[in-house]
Amino acid sequence: MTLLHNRVDKKVLKKRLQEESLERITLSFYRYVIIQDAQSMRDELYKQWQNLGAFGRIYIAREGINAQMSVPRENWTRFIEQVYAHPEFKDVPFKIAVEDDGKSFYKLSVKVRNRIVADGLKDDAYDVTNVGKHLTAEEFNRAMEQPGTIVVDMRNHYESEIGHFEGALLPQSDTFRDELPMAVDLLRDQKDKKVLLYCTGGIRCEKASAYFKHSGFTDVNQLYGGIIEYARQVKAKGLESKFKGKNFVFDERLGERISEEIISTCHQCGKPCDTHTNCANADCHLLFIQCAECSKAMSGCCTPECKHISDLPIEEQRKLRKGKTKENPHSVYKSRLRPNLKDILGHV
């Protein structure tokens, strides 16, 4: 009988990944399509991909699929054939990672969700299929140069902090649910302007462009394939990259370098840095930017308090966690849940 969930400890899985000799391809894909039985689809895909040795984080809902994956190169052809064998996913475009060492995911996780992208809106709030115009990298560059064009980053603040398009509007939100109405409200008096939307791989812009059109914007455009496809086209065609810095990715790498510029700073000492990490205190796990020097001085932690806890024997750490409620837990990606780390630390 095939197990439909991982039962192996995370540390064991990560060790196996580091030791394996397989060459892997990191990719992402999505499609908005009606899936009548999301649970059955989830179970079938899990079995297929487990047999291929694929890893990744995949969400399936009635509205479609959103997948970020790592597939052994030797099974790449079989993987494509299996995906395309499902009528719902026929010819879905794959976005291949810009830089990839094959260590992006260490396990396979396929989950059924209410939405593949949570927008906080009701099913009938707007037509998600009435999307904006898709632009290639070259078209996006040209459109950016037109007077009056507004470029909007539809990612969260911790993503745009380490990399974004020149002159883009960067809404300071923690979630897409918050950003969608925020971005529309920020531009409420400019609905006749050309609007260019972009995100990591295109999935958030697909919804955002439909919502912008629903909200009365008349010239809505989106970057086809997101930053991932933009970077591929820029490299393949020798285009100028108007994206500066790193592209944040939701896997073990936490970032792909698109250009050599470092546009952000270490949250602890203020030196140029664009390396995200999660606090080494397992009870915190806060996402923040930390340079190598601060990482060494703070043992990979975000504050002296977390460093003290992380340095304790594991048994002592478990005692501290005992009895704690889950009220207001730290989220892996909400780096604003703490005050400015530089203010706390002064210097390291």
# chains A, B, ... in the order shown; residues from 1 in each chain; ligands from 1
>>> select_by_dssp(residues="region 114-291 of chain A", states="strand (DSSP E)", output="PyMOL selection string")
chain A and resi 133-135+150-153+163-165+194-198+219-223+243-247+256-257+276-278+287-289
>>> write_last_selection(atoms="N, CA and C atoms", output="compact mmCIF listing (two decimals), in the first residue's frame")
# COMPACT_ATOMS: atom_id res chain seq x y z
N LYS A 133 -3.91 41.76 -19.84
CA LYS A 133 -3.11 41.35 -20.99
C LYS A 133 -1.77 40.80 -20.52
N HIS A 134 -1.38 39.64 -21.07
CA HIS A 134 -0.10 39.04 -20.71
C HIS A 134 1.01 39.65 -21.56
N LEU A 135 2.11 40.06 -20.90
CA LEU A 135 3.23 40.67 -21.60
C LEU A 135 4.49 39.83 -21.47
N ILE A 150 2.29 52.72 -14.56
CA ILE A 150 2.44 52.39 -13.14
C ILE A 150 2.76 50.91 -13.02
N VAL A 151 3.87 50.59 -12.37
CA VAL A 151 4.28 49.20 -12.15
C VAL A 151 3.99 48.84 -10.70
N VAL A 152 3.29 47.73 -10.49
CA VAL A 152 2.90 47.33 -9.13
C VAL A 152 3.44 45.94 -8.81
N ASP A 153 4.16 45.84 -7.72
CA ASP A 153 4.67 44.57 -7.22
C ASP A 153 3.57 43.90 -6.39
N GLY A 163 14.45 42.50 -3.84
CA GLY A 163 14.49 42.61 -5.29
C GLY A 163 13.18 43.10 -5.86
N HIS A 164 13.24 44.03 -6.82
CA HIS A 164 12.02 44.52 -7.46
C HIS A 164 12.37 45.27 -8.74
N PHE A 165 11.35 45.56 -9.54
CA PHE A 165 11.54 46.34 -10.76
C PHE A 165 11.76 47.80 -10.41
N LYS A 194 -1.98 53.14 -17.54
CA LYS A 194 -1.52 51.79 -17.86
C LYS A 194 -0.90 51.19 -16.61
N VAL A 195 -1.43 50.04 -16.19
CA VAL A 195 -0.96 49.38 -14.98
C VAL A 195 -0.26 48.07 -15.35
N LEU A 196 0.97 47.89 -14.84
CA LEU A 196 1.73 46.67 -15.06
C LEU A 196 1.86 45.94 -13.73
N LEU A 197 1.39 44.72 -13.68
CA LEU A 197 1.45 43.91 -12.46
C LEU A 197 2.49 42.81 -12.63
N TYR A 198 3.19 42.48 -11.54
CA TYR A 198 4.11 41.34 -11.61
C TYR A 198 4.19 40.65 -10.25
N ASP A 219 -6.67 49.70 -18.31
CA ASP A 219 -5.52 49.19 -19.07
C ASP A 219 -4.64 48.37 -18.13
N VAL A 220 -5.06 47.12 -17.92
CA VAL A 220 -4.39 46.25 -16.94
C VAL A 220 -3.54 45.20 -17.67
N ASN A 221 -2.28 45.11 -17.27
CA ASN A 221 -1.34 44.19 -17.90
C ASN A 221 -0.59 43.41 -16.83
N GLN A 222 -0.14 42.21 -17.18
CA GLN A 222 0.61 41.40 -16.22
C GLN A 222 1.80 40.73 -16.90
N LEU A 223 2.86 40.55 -16.14
CA LEU A 223 4.08 39.93 -16.67
C LEU A 223 3.87 38.43 -16.79
N PHE A 243 14.74 44.37 -13.58
CA PHE A 243 14.55 43.84 -12.23
C PHE A 243 15.90 43.85 -11.55
N LYS A 244 15.96 44.41 -10.35
CA LYS A 244 17.22 44.53 -9.62
C LYS A 244 17.18 43.71 -8.34
N GLY A 245 18.23 42.94 -8.12
CA GLY A 245 18.36 42.18 -6.88
C GLY A 245 17.96 40.73 -7.01
N LYS A 246 17.40 40.19 -5.94
CA LYS A 246 17.02 38.78 -5.86
C LYS A 246 15.51 38.58 -6.01
N ASN A 247 15.14 37.41 -6.50
CA ASN A 247 13.74 37.02 -6.54
C ASN A 247 13.51 36.07 -5.37
N GLU A 256 16.56 33.62 -5.50
CA GLU A 256 17.32 33.40 -6.73
C GLU A 256 17.91 34.75 -7.16
N ARG A 257 19.19 34.79 -7.43
CA ARG A 257 19.79 36.05 -7.85
C ARG A 257 19.44 36.34 -9.31
N HIS A 276 18.05 35.96 3.21
CA HIS A 276 17.00 35.67 4.18
C HIS A 276 17.35 34.41 4.97
N THR A 277 16.91 34.37 6.21
CA THR A 277 17.06 33.18 7.03
C THR A 277 15.92 33.13 8.02
N ASN A 278 15.68 31.96 8.59
CA ASN A 278 14.69 31.83 9.66
C ASN A 278 15.43 31.72 10.98
N LEU A 287 11.33 35.07 9.93
CA LEU A 287 12.08 35.30 8.70
C LEU A 287 12.68 36.70 8.74
N PHE A 288 13.99 36.81 8.50
CA PHE A 288 14.63 38.12 8.47
C PHE A 288 15.90 38.05 7.64
N ILE A 289 16.49 39.21 7.35
CA ILE A 289 17.71 39.28 6.57
C ILE A 289 18.90 39.38 7.52
>>> select_by_dssp(residues="region 184-214 of chain A", states="alpha helix (DSSP H)", output="MDAnalysis selection string")
chainID A and resid 184:186 203:214
>>> write_last_selection(atoms="N, CA, C and O atoms", output="mmCIF file, in the first residue's frame")
data_model
loop_
_atom_site.group_PDB
_atom_site.id
_atom_site.type_symbol
_atom_site.label_atom_id
_atom_site.label_comp_id
_atom_site.auth_asym_id
_atom_site.auth_seq_id
_atom_site.Cartn_x
_atom_site.Cartn_y
_atom_site.Cartn_z
ATOM 1 N N VAL A 184 -5.205 48.331 -4.963
ATOM 2 C CA VAL A 184 -6.302 48.983 -5.688
ATOM 3 C C VAL A 184 -6.627 50.331 -5.062
ATOM 4 O O VAL A 184 -6.859 51.324 -5.760
ATOM 5 N N ASP A 185 -6.620 50.389 -3.731
ATOM 6 C CA ASP A 185 -6.931 51.643 -3.041
ATOM 7 C C ASP A 185 -5.845 52.702 -3.269
ATOM 8 O O ASP A 185 -6.151 53.888 -3.453
ATOM 9 N N LEU A 186 -4.588 52.281 -3.298
ATOM 10 C CA LEU A 186 -3.486 53.219 -3.520
ATOM 11 C C LEU A 186 -3.589 53.905 -4.879
ATOM 12 O O LEU A 186 -3.161 55.048 -5.053
ATOM 13 N N ILE A 203 1.017 33.621 -10.782
ATOM 14 C CA ILE A 203 -0.260 33.152 -10.248
ATOM 15 C C ILE A 203 -1.015 34.236 -9.481
ATOM 16 O O ILE A 203 -2.240 34.348 -9.581
ATOM 17 N N ARG A 204 -0.297 35.059 -8.718
ATOM 18 C CA ARG A 204 -0.985 36.110 -7.969
ATOM 19 C C ARG A 204 -1.482 37.215 -8.901
ATOM 20 O O ARG A 204 -2.553 37.788 -8.692
ATOM 21 N N CYS A 205 -0.697 37.502 -9.947
ATOM 22 C CA CYS A 205 -1.106 38.533 -10.908
ATOM 23 C C CYS A 205 -2.333 38.114 -11.700
ATOM 24 O O CYS A 205 -3.106 38.952 -12.160
ATOM 25 N N GLU A 206 -2.494 36.810 -11.874
ATOM 26 C CA GLU A 206 -3.663 36.313 -12.606
ATOM 27 C C GLU A 206 -4.939 36.756 -11.894
ATOM 28 O O GLU A 206 -5.897 37.220 -12.511
ATOM 29 N N LYS A 207 -4.935 36.620 -10.569
ATOM 30 C CA LYS A 207 -6.083 37.062 -9.777
ATOM 31 C C LYS A 207 -6.114 38.580 -9.649
ATOM 32 O O LYS A 207 -7.158 39.211 -9.746
ATOM 33 N N ALA A 208 -4.941 39.165 -9.415
ATOM 34 C CA ALA A 208 -4.871 40.610 -9.203
ATOM 35 C C ALA A 208 -5.358 41.390 -10.413
ATOM 36 O O ALA A 208 -6.083 42.377 -10.280
ATOM 37 N N SER A 209 -4.968 40.944 -11.609
ATOM 38 C CA SER A 209 -5.376 41.670 -12.812
ATOM 39 C C SER A 209 -6.895 41.629 -12.984
ATOM 40 O O SER A 209 -7.511 42.609 -13.390
ATOM 41 N N ALA A 210 -7.491 40.474 -12.657
ATOM 42 C CA ALA A 210 -8.949 40.360 -12.741
ATOM 43 C C ALA A 210 -9.621 41.296 -11.733
ATOM 44 O O ALA A 210 -10.636 41.926 -12.031
ATOM 45 N N TYR A 211 -9.034 41.402 -10.549
ATOM 46 C CA TYR A 211 -9.602 42.270 -9.518
ATOM 47 C C TYR A 211 -9.436 43.746 -9.889
ATOM 48 O O TYR A 211 -10.341 44.561 -9.644
ATOM 49 N N PHE A 212 -8.299 44.097 -10.484
ATOM 50 C CA PHE A 212 -8.092 45.476 -10.943
ATOM 51 C C PHE A 212 -9.130 45.835 -12.009
ATOM 52 O O PHE A 212 -9.710 46.932 -11.984
ATOM 53 N N LYS A 213 -9.374 44.929 -12.955
ATOM 54 C CA LYS A 213 -10.365 45.190 -13.999
ATOM 55 C C LYS A 213 -11.759 45.306 -13.389
ATOM 56 O O LYS A 213 -12.542 46.184 -13.770
ATOM 57 N N HIS A 214 -12.053 44.429 -12.440
ATOM 58 C CA HIS A 214 -13.348 44.476 -11.754
ATOM 59 C C HIS A 214 -13.521 45.814 -11.023
ATOM 60 O O HIS A 214 -14.642 46.333 -10.913
#
>>> closest_residue(among="A:Lys307, A:Lys193, A:Arg113, A:Lys235", to="Ile35 (chain A)", atoms="only C-alpha atoms")
A:Arg113
>>> residues_around(residues="Arg253 (chain A)", least_positions_apart="5", cutoff="9 Å", atoms="only C-alpha atoms", output="list in words")
Asp100, Lys103, Ser104, Phe105, Phe248 and His276 of chain A
>>> write_last_selection(atoms="N, CA and C atoms", output="mmCIF file, in the first residue's frame")
data_model
loop_
_atom_site.group_PDB
_atom_site.id
_atom_site.type_symbol
_atom_site.label_atom_id
_atom_site.label_comp_id
_atom_site.auth_asym_id
_atom_site.auth_seq_id
_atom_site.Cartn_x
_atom_site.Cartn_y
_atom_site.Cartn_z
ATOM 1 N N ASP A 100 19.852 26.882 -9.720
ATOM 2 C CA ASP A 100 19.305 25.723 -9.039
ATOM 3 C C ASP A 100 20.399 24.713 -8.725
ATOM 4 N N LYS A 103 18.578 21.505 -4.459
ATOM 5 C CA LYS A 103 18.296 21.346 -3.035
ATOM 6 C C LYS A 103 17.134 22.234 -2.586
ATOM 7 N N SER A 104 16.199 22.469 -3.459
ATOM 8 C CA SER A 104 15.113 23.401 -3.168
ATOM 9 C C SER A 104 14.043 22.823 -2.243
ATOM 10 N N PHE A 105 13.745 21.531 -2.359
ATOM 11 C CA PHE A 105 12.744 20.880 -1.514
ATOM 12 C C PHE A 105 13.295 19.547 -1.016
ATOM 13 N N PHE A 248 12.658 36.463 -4.424
ATOM 14 C CA PHE A 248 12.348 35.603 -3.281
ATOM 15 C C PHE A 248 11.588 34.377 -3.769
ATOM 16 N N HIS A 276 18.049 35.957 3.206
ATOM 17 C CA HIS A 276 17.004 35.667 4.182
ATOM 18 C C HIS A 276 17.354 34.407 4.969
#
>>> closest_atom_pairs(of="region 236-318 of chain A", to="region 68-75 of chain A", cutoff="10 Å", atoms="only C-alpha atoms", output="CSV")
residue,atom,partner,partner_atom,distance
A:Val249,CA,A:Gln68,CA,9.4
A:Phe250,CA,A:Gln68,CA,8.1
A:Asp251,CA,A:Gln68,CA,8.1
>>> residues_around(residues="Ile60 (chain A)", least_positions_apart="5", cutoff="7 Å", atoms="only C-alpha atoms", output="PyMOL selection string")
chain A and resi 38+42+65-66+111-113+116
>>> closest_residue(among="A:Cys269, A:Leu108, A:Ile314, A:Ile262", to="Gln50 (chain A)", atoms="only C-alpha atoms")
A:Leu108
>>> closest_residue(among="A:Gln39, A:Ser241, A:Thr200, A:Gln172", to="Gly225 (chain A)", atoms="only C-alpha atoms")
A:Thr200
>>> closest_residue(among="A:Arg115, A:Arg57, A:Arg142, A:Lys15", to="Val33 (chain A)", atoms="only C-alpha atoms")
A:Arg115
>>> residues_around(residues="Ser40 (chain A)", least_positions_apart="3", cutoff="12 Å", atoms="only C-alpha atoms", output="compact mmCIF listing (two decimals) with C-alpha atoms, in the first residue's frame")
# COMPACT_ATOMS: atom_id res chain seq x y z
CA LEU A 4 -0.07 9.26 0.89
CA ILE A 35 -11.29 20.50 -10.36
CA GLN A 36 -14.43 18.64 -9.40
CA ASP A 37 -12.83 16.29 -6.85
CA ASP A 43 -4.15 11.50 -3.93
CA GLU A 44 -3.50 10.52 -7.54
CA LEU A 45 -0.83 13.18 -8.04
CA TYR A 46 0.85 12.31 -4.74
CA LYS A 47 1.21 8.66 -5.79
CA ILE A 60 -4.95 21.88 -5.01
CA ALA A 61 -8.37 23.47 -4.76
CA ARG A 62 -11.60 23.52 -6.71
CA VAL A 110 0.41 17.89 -1.63
CA LYS A 111 -2.45 19.61 0.17
CA VAL A 112 -6.09 20.38 -0.57
>>> atom_distance(atom1="CA of Gly56 (chain A)", atom2="CA of Tyr106 (chain A)")
7.4 Å
>>> decode(residues="region 199-232 of chain A", atoms="N, CA and C atoms", output="tab-separated table (two decimals), in the first residue's frame")
chain	number	residue	atom	x	y	z
A	199	CYS	N	4.58	39.37	-10.28
A	199	CYS	CA	4.79	38.59	-9.06
A	199	CYS	C	5.84	37.52	-9.36
A	200	THR	N	5.96	36.52	-8.54
A	200	THR	CA	7.04	35.54	-8.68
A	200	THR	C	6.90	34.69	-9.95
A	201	GLY	N	5.75	34.03	-10.10
A	201	GLY	CA	5.57	33.15	-11.24
A	201	GLY	C	4.31	33.41	-12.05
A	202	GLY	N	3.55	34.44	-11.66
A	202	GLY	CA	2.36	34.83	-12.42
A	202	GLY	C	1.03	34.52	-11.77
A	203	ILE	N	1.02	33.62	-10.78
A	203	ILE	CA	-0.26	33.15	-10.25
A	203	ILE	C	-1.02	34.24	-9.48
A	204	ARG	N	-0.30	35.06	-8.72
A	204	ARG	CA	-0.99	36.11	-7.97
A	204	ARG	C	-1.48	37.22	-8.90
A	205	CYS	N	-0.70	37.50	-9.95
A	205	CYS	CA	-1.11	38.53	-10.91
A	205	CYS	C	-2.33	38.11	-11.70
A	206	GLU	N	-2.49	36.81	-11.87
A	206	GLU	CA	-3.66	36.31	-12.61
A	206	GLU	C	-4.94	36.76	-11.89
A	207	LYS	N	-4.94	36.62	-10.57
A	207	LYS	CA	-6.08	37.06	-9.78
A	207	LYS	C	-6.11	38.58	-9.65
A	208	ALA	N	-4.94	39.17	-9.41
A	208	ALA	CA	-4.87	40.61	-9.20
A	208	ALA	C	-5.36	41.39	-10.41
A	209	SER	N	-4.97	40.94	-11.61
A	209	SER	CA	-5.38	41.67	-12.81
A	209	SER	C	-6.89	41.63	-12.98
A	210	ALA	N	-7.49	40.47	-12.66
A	210	ALA	CA	-8.95	40.36	-12.74
A	210	ALA	C	-9.62	41.30	-11.73
A	211	TYR	N	-9.03	41.40	-10.55
A	211	TYR	CA	-9.60	42.27	-9.52
A	211	TYR	C	-9.44	43.75	-9.89
A	212	PHE	N	-8.30	44.10	-10.48
A	212	PHE	CA	-8.09	45.48	-10.94
A	212	PHE	C	-9.13	45.83	-12.01
A	213	LYS	N	-9.37	44.93	-12.95
A	213	LYS	CA	-10.36	45.19	-14.00
A	213	LYS	C	-11.76	45.31	-13.39
A	214	HIS	N	-12.05	44.43	-12.44
A	214	HIS	CA	-13.35	44.48	-11.75
A	214	HIS	C	-13.52	45.81	-11.02
A	215	SER	N	-12.40	46.37	-10.56
A	215	SER	CA	-12.44	47.62	-9.80
A	215	SER	C	-12.43	48.87	-10.68
A	216	GLY	N	-12.49	48.68	-12.01
A	216	GLY	CA	-12.63	49.81	-12.91
A	216	GLY	C	-11.38	50.28	-13.62
A	217	PHE	N	-10.25	49.59	-13.47
A	217	PHE	CA	-9.03	49.96	-14.19
A	217	PHE	C	-9.17	49.54	-15.65
A	218	THR	N	-8.77	50.40	-16.56
A	218	THR	CA	-9.06	50.19	-17.99
A	218	THR	C	-7.91	49.58	-18.80
A	219	ASP	N	-6.67	49.70	-18.31
A	219	ASP	CA	-5.52	49.19	-19.07
A	219	ASP	C	-4.64	48.37	-18.13
A	220	VAL	N	-5.06	47.12	-17.92
A	220	VAL	CA	-4.39	46.25	-16.94
A	220	VAL	C	-3.54	45.20	-17.67
A	221	ASN	N	-2.28	45.11	-17.27
A	221	ASN	CA	-1.34	44.19	-17.90
A	221	ASN	C	-0.59	43.41	-16.83
A	222	GLN	N	-0.14	42.21	-17.18
A	222	GLN	CA	0.61	41.40	-16.22
A	222	GLN	C	1.80	40.73	-16.90
A	223	LEU	N	2.86	40.55	-16.14
A	223	LEU	CA	4.08	39.93	-16.67
A	223	LEU	C	3.87	38.43	-16.79
A	224	TYR	N	3.89	37.94	-18.02
A	224	TYR	CA	3.65	36.51	-18.26
A	224	TYR	C	4.75	35.66	-17.62
A	225	GLY	N	4.34	34.71	-16.78
A	225	GLY	CA	5.31	33.83	-16.15
A	225	GLY	C	6.05	34.44	-14.98
A	226	GLY	N	5.72	35.69	-14.65
A	226	GLY	CA	6.33	36.34	-13.51
A	226	GLY	C	7.82	36.60	-13.65
A	227	ILE	N	8.47	36.87	-12.53
A	227	ILE	CA	9.89	37.19	-12.51
A	227	ILE	C	10.73	36.01	-13.00
A	228	ILE	N	10.29	34.80	-12.70
A	228	ILE	CA	11.04	33.61	-13.10
A	228	ILE	C	11.16	33.54	-14.62
A	229	GLU	N	10.04	33.71	-15.34
A	229	GLU	CA	10.06	33.65	-16.80
A	229	GLU	C	10.73	34.89	-17.37
A	230	TYR	N	10.55	36.03	-16.72
A	230	TYR	CA	11.20	37.27	-17.17
A	230	TYR	C	12.72	37.08	-17.19
A	231	ALA	N	13.27	36.54	-16.10
A	231	ALA	CA	14.72	36.33	-16.01
A	231	ALA	C	15.21	35.37	-17.10
A	232	ARG	N	14.41	34.34	-17.37
A	232	ARG	CA	14.80	33.38	-18.41
A	232	ARG	C	14.84	34.05	-19.77
